[in-house]
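**Student:** Pasting a structure here, questions to come.
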Amino acid sequence: MSSSRNSLERWTGGSDGASESGDRSTSRRRTPADTGDDTAFLSLTPERGRALLLVAARPAALTLTALTVLVLAALLTAGSDLTGTAGAIAASWLAAHQVPLVIGTTELGLLPLLPTALVLWLTWRETARAVEPGSSRIDLAWLLGAAVAGPLLVTAVCSAVAEDASGAVALQPPNPLSAFARVFGLQLLAAAGGIASRLCRQLVSRLALPEWTIAAAYAARRTLLRLLAAGLAVTVLSFLLHWSRIGETYQAAGNAAGGFGLTLLSLAYLPNVALGALGVLVGASAHLGEVSIGLFAVTGGPIPAVPVVAALPAGPAQTWWLVLLLIPAALGVLNGVDCGRTAPDQAKTPWATLVSAALVSMALTLMGAVGGGALGSFGRVGLDLPMFGLLSFAWLALGGYAGLLFARWFVVPVGTTPEFAADDDAHSYFDDHGEYDEHAYDDGYYDESEDDYYEDDYPDYDGPELEVEMEGELVEEEAPAVAAAAESDLAAPEDIVDAEVVDPDPDPDPRPYFRSR
């Protein structure tokens with residue numbers, strides 16, 4: 001099955017001795033793993049160079065295009081001149097990679113997560129499209145290098161532009177070491193995730209990890225998405241409960257352009273607020289300067305006049321808020337059920353469940369660290385990271401163990417062998433959407449007509465005559481009984497029947513040995 005992905009390795013010719021219409025079973029992608037050559041990728045072909053160029057340039061180009069459109073739209077709707085357009089675009093690129101900015105004397109370390117998520121998704125997607133099964137370590141190193149090199153180059157240019165624009169706009173150039181480190185770390189993480197999503201089983205085999213780590217990783221991904229969706233649902237519910245307060249923040253916008261800008265700003269920071277709501281759900285505290293919000297206590301203080309923050313509860317803490325603790329508990333149980341269905345965990349060896357809980361807690365802690373920061377005079381905004389990570393692991397581990405026991409008792413009994421979650425070679429017979437392709441192995445060997453079997457295997461066959469050379473010894477056997485029976489039949493005239501002997505039609509297929517088995 002052909003693929004539209006920009007892969008690093010593609011087979012570009014037939015094997016030795018094969019004709020143009022020869023056996024299609026040999027027409028497959030060839031990778032360095034087929035020959036055991038780990039240095040095959042050192043000699044870049046034009047196709048490989050094109051794949052690496054797309055990985056390095058396309059995500060960065062799309063990001064810069066989107067940022068340019070947004071900056072120009074914001075400046076034009078606000079009625080401002082275009083003097084600081086280049087500096088604003090450079091600052092937007094740095095902000096999308098969570099590089100702290102200093103505007104005038106105000107430090108802006110709390111940056112929106114939505115642009116960052118979109119940028120990393122572009123890198124993830126492009127890297128996953130380029131990787132091929134059986135890729136060697138050299139292949140993966142080239143791929144990681146290309147995914148990081150493009151954004152680092154753009155970061156160098158944006159840093160220089162920001163420093164040059166500091167004379168025209170109130171923007172101080174960022175710390176170069178911090179800028180390059182953050183861009184490198186985020187892009188490398190996204191590229192590694194894209195590779196792991198395609199070569200999960202191959203990486204587990206190379207690292208000599210147990211098979212159940214695959215099931216743990218896939219269960220962790222599903223649980224992480226469910227937790228983030230739960231935080232987003234609680235945030236939307238808070239918006240609905242405090243709708244009147246949100247309307248008051250739009251009154252200070254002044255005009256339609258100001259209201260549009262506040263809406264875009266709120267949407268960009270919506271993942272930050274949803275992550276804070278998730279931290280509150282598991283029992284940790286979210287801080288916005290002097291303000292502290294938790295299920296057990298709420299401390300008031302000044303907050304920014306933006307719609308996305310106006311939905312914060314004013315307090316005091318309500319008793320019914322404790323019911324929200326059932327959400328992480330239920331999701332932890334569901335995580336355990338997933339591990340019980342796809343991993344050989346048992347009551348005494350719940351390793352996949354514990355590893356899945358650890359992966360989710362580490363991912364949430366990392367997201368909490370990235371999604372927090374300083375916000376000018378308000379102070380630091382973010383979660384209590386140590387408590388956030390520990391409570392997340394506790395809910396998922398304890399609830400996951402209960403879910404594992406439930407799965408063993410009612411879903412997959414002990415002693416059965418559940419199948420693992422995924423295979424890194426799945427896309428060789430599954431299409432890009434994960435659905436089975438019934439034509440994946442349809443290479444033309446079968447047709448409804450009997451005369452079309454195996455036609456592609458013998459392109460030089462021109463005639464019906466077949467010559468077969470055999471070595472053997474002819475042995476004559478005596479058959480007196482048969483001869484006696486023949487003579488008795490000839491001696492009985494009453495048994496003679498008038499008949500016409502008609503030669504049967506020749507076989508329409510002159511190649512009887514080529515018929516379907």
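Here's how to read the names in the structure tokens: chain A, B, ... by the order shown, residue numbers from 1 in each chain, ligand numbers from 1 in the order shown.
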What parts of stretch 290-322 of chain A does DSSP call strand (DSSP E)? I'd like the answer as a PyMOL selection string.
**Tutor:** chain A and resi 291-293+298-299
**Student:** With 8 Å as the cut-off and only C-alpha atoms counted, what is the closest atom pair between each nearby residue of stretch 167-235 of chain A and stretch 339-354 of chain A? Distances in Å to one decimal, ordered by chain and number, as JSON lines.
**Tutor:**
{"residue": "A:Trp212", "atom": "CA", "partner": "A:Ala343", "partner_atom": "CA", "distance": 5.4}
{"residue": "A:Thr213", "atom": "CA", "partner": "A:Ala352", "partner_atom": "CA", "distance": 6.3}
{"residue": "A:Ala215", "atom": "CA", "partner": "A:Thr342", "partner_atom": "CA", "distance": 5.7}
{"residue": "A:Ala216", "atom": "CA", "partner": "A:Ala352", "partner_atom": "CA", "distance": 4.9}
{"residue": "A:Ala219", "atom": "CA", "partner": "A:Cys339", "partner_atom": "CA", "distance": 6.3}
**Student:** Output C-alpha atoms for every residue in the selection just made, as a short mmCIF file (atom, residue, chain, number, x, y, z; two decimals), in the first residue's frame.
**Tutor:**
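Okay, result_17.cif is ready:
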data_model
loop_
_atom_site.label_atom_id
_atom_site.label_comp_id
_atom_site.auth_asym_id
_atom_site.auth_seq_id
_atom_site.Cartn_x
_atom_site.Cartn_y
_atom_site.Cartn_z
CA TRP A 212 3.86 -4.29 29.05
CA THR A 213 5.50 -0.84 28.83
CA ALA A 215 0.34 -0.91 27.13
CA ALA A 216 1.36 1.41 29.98
CA ALA A 219 -2.99 3.87 28.78
#
**Student:** Within 9 Å of stretch 234-237 of chain A, counting only C-alpha atoms, which residues show up once you throw out same-chain ones fewer than 2 positions away? Write them as a PyMOL selection string, please.
**Tutor:** chain A and resi 229-232+239-242+270+273-274+277-278+281+311-312
**Student:** For A:Leu110, which residue among A:Val161, A:Leu72, A:Ala374, A:Ala394 is the nearest when counting only C-alpha atoms?
**Tutor:**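 Among the listed residues, the smallest separation from A:Leu110 belongs to A:Ala374.
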**Student:** Which residue, A:Ala253, A:Ile303, A:Ala369, A:Leu224, has the smallest gap to A:Leu396 when you use only C-alpha atoms?
**Tutor:**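 Selected residue with least distance to A:Leu396: A:Leu224.
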**Student:** Which residues are near A:Leu118? Cut-off 9 Å, only C-alpha atoms, ignore same chain within fewer than 4 positions. Put them as a list in words.
**Tutor:** Thr63, Ala96, Leu113, Leu114, Leu122 and Thr123 of chain A
**Student:** With only C-alpha atoms as the basis for distance, which of A:Gln187, A:Leu225, A:Gly279, A:Ser92 is at the shortest distance from A:Cys158?
**Tutor:**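 Smallest distance to A:Cys158 is found for A:Ser92.
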**Student:** Give me the residues within 8 Å of stretch 283-285 of chain A as a list in words, counting only C-alpha atoms and dropping any in the same chain fewer than 2 places off.
**Tutor:** Gly279, Val280, Leu281, His287, Ser292, Ile293, Gly294, Leu295, Leu325, Leu383, Asp384, Met387, Phe388 and Leu391 of chain A
**Student:** Run DSSP on the backbone and grab whatever in stretch 27-200 of chain A lands in alpha helix (DSSP H); send it over as a ChimeraX atom specification.
**Tutor:** /A:32-35,46-77,85-96,113-130,137-165,176-198,200
**Student:** Counting only C-alpha atoms, which of A:Gly259, A:Arg129, A:Glu163, A:Arg201 gets nearest to A:Val102?
**Tutor:**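 When distances to A:Val102 are compared using only C-alpha atoms, the smallest one comes from A:Glu163.
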**Student:** Tell me, as a ChimeraX atom specification, which residues lie within 12 Å of A:Ala357, counting only C-alpha atoms; anything in the same chain fewer than 5 positions away does not count.
**Tutor:** /A:213,216-224,227,328,331-336,338-339,350-352,362-364,389-401
**Student:** Those same residues, written as a PDB file, in the first residue's frame with C-alpha atoms?
**Tutor:**
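Contents of the output file out-v7.pdb:
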ATOM      1  CA  THR A 213       5.499  -0.844  28.830  1.00  0.00           C
ATOM      2  CA  ALA A 216       1.364   1.406  29.978  1.00  0.00           C
ATOM      3  CA  ALA A 217       2.342   4.171  27.562  1.00  0.00           C
ATOM      4  CA  TYR A 218      -0.903   3.986  25.607  1.00  0.00           C
ATOM      5  CA  ALA A 219      -2.990   3.875  28.780  1.00  0.00           C
ATOM      6  CA  ALA A 220      -1.076   6.908  30.079  1.00  0.00           C
ATOM      7  CA  ARG A 221      -1.846   8.845  26.904  1.00  0.00           C
ATOM      8  CA  ARG A 222      -5.551   8.124  27.152  1.00  0.00           C
ATOM      9  CA  THR A 223      -5.646   8.983  30.853  1.00  0.00           C
ATOM     10  CA  LEU A 224      -3.773  12.257  30.303  1.00  0.00           C
ATOM     11  CA  LEU A 227      -7.757  14.438  32.833  1.00  0.00           C
ATOM     12  CA  PRO A 328      -9.651  11.920  39.427  1.00  0.00           C
ATOM     13  CA  LEU A 331     -10.310   8.383  35.931  1.00  0.00           C
ATOM     14  CA  GLY A 332      -7.711   6.466  37.932  1.00  0.00           C
ATOM     15  CA  VAL A 333     -10.009   3.428  38.028  1.00  0.00           C
ATOM     16  CA  LEU A 334     -10.538   3.709  34.279  1.00  0.00           C
ATOM     17  CA  ASN A 335      -6.767   3.814  33.797  1.00  0.00           C
ATOM     18  CA  GLY A 336      -6.448   0.585  35.760  1.00  0.00           C
ATOM     19  CA  ASP A 338      -7.275  -0.059  30.500  1.00  0.00           C
ATOM     20  CA  CYS A 339      -4.055  -1.574  31.830  1.00  0.00           C
ATOM     21  CA  PRO A 350       0.643  -4.153  38.831  1.00  0.00           C
ATOM     22  CA  TRP A 351       3.685  -2.772  37.034  1.00  0.00           C
ATOM     23  CA  ALA A 352       1.961  -1.397  33.958  1.00  0.00           C
ATOM     24  CA  MET A 362       5.335  13.454  35.271  1.00  0.00           C
ATOM     25  CA  ALA A 363       3.619  14.838  32.178  1.00  0.00           C
ATOM     26  CA  LEU A 364       1.221  16.892  34.293  1.00  0.00           C
ATOM     27  CA  GLY A 389       2.579  15.673  40.974  1.00  0.00           C
ATOM     28  CA  LEU A 390       2.261  13.563  44.135  1.00  0.00           C
ATOM     29  CA  LEU A 391      -1.527  13.803  44.336  1.00  0.00           C
ATOM     30  CA  SER A 392      -1.892  12.986  40.648  1.00  0.00           C
ATOM     31  CA  PHE A 393       0.223   9.868  41.080  1.00  0.00           C
ATOM     32  CA  ALA A 394      -1.670   8.850  44.226  1.00  0.00           C
ATOM     33  CA  TRP A 395      -5.102   9.108  42.611  1.00  0.00           C
ATOM     34  CA  LEU A 396      -4.014   7.242  39.502  1.00  0.00           C
ATOM     35  CA  ALA A 397      -2.062   4.552  41.357  1.00  0.00           C
ATOM     36  CA  LEU A 398      -4.684   3.772  43.999  1.00  0.00           C
ATOM     37  CA  GLY A 399      -7.639   4.121  41.656  1.00  0.00           C
ATOM     38  CA  GLY A 400      -5.726   2.242  38.980  1.00  0.00           C
ATOM     39  CA  TYR A 401      -5.108  -0.689  41.302  1.00  0.00           C
TER      40      TYR A 401
END
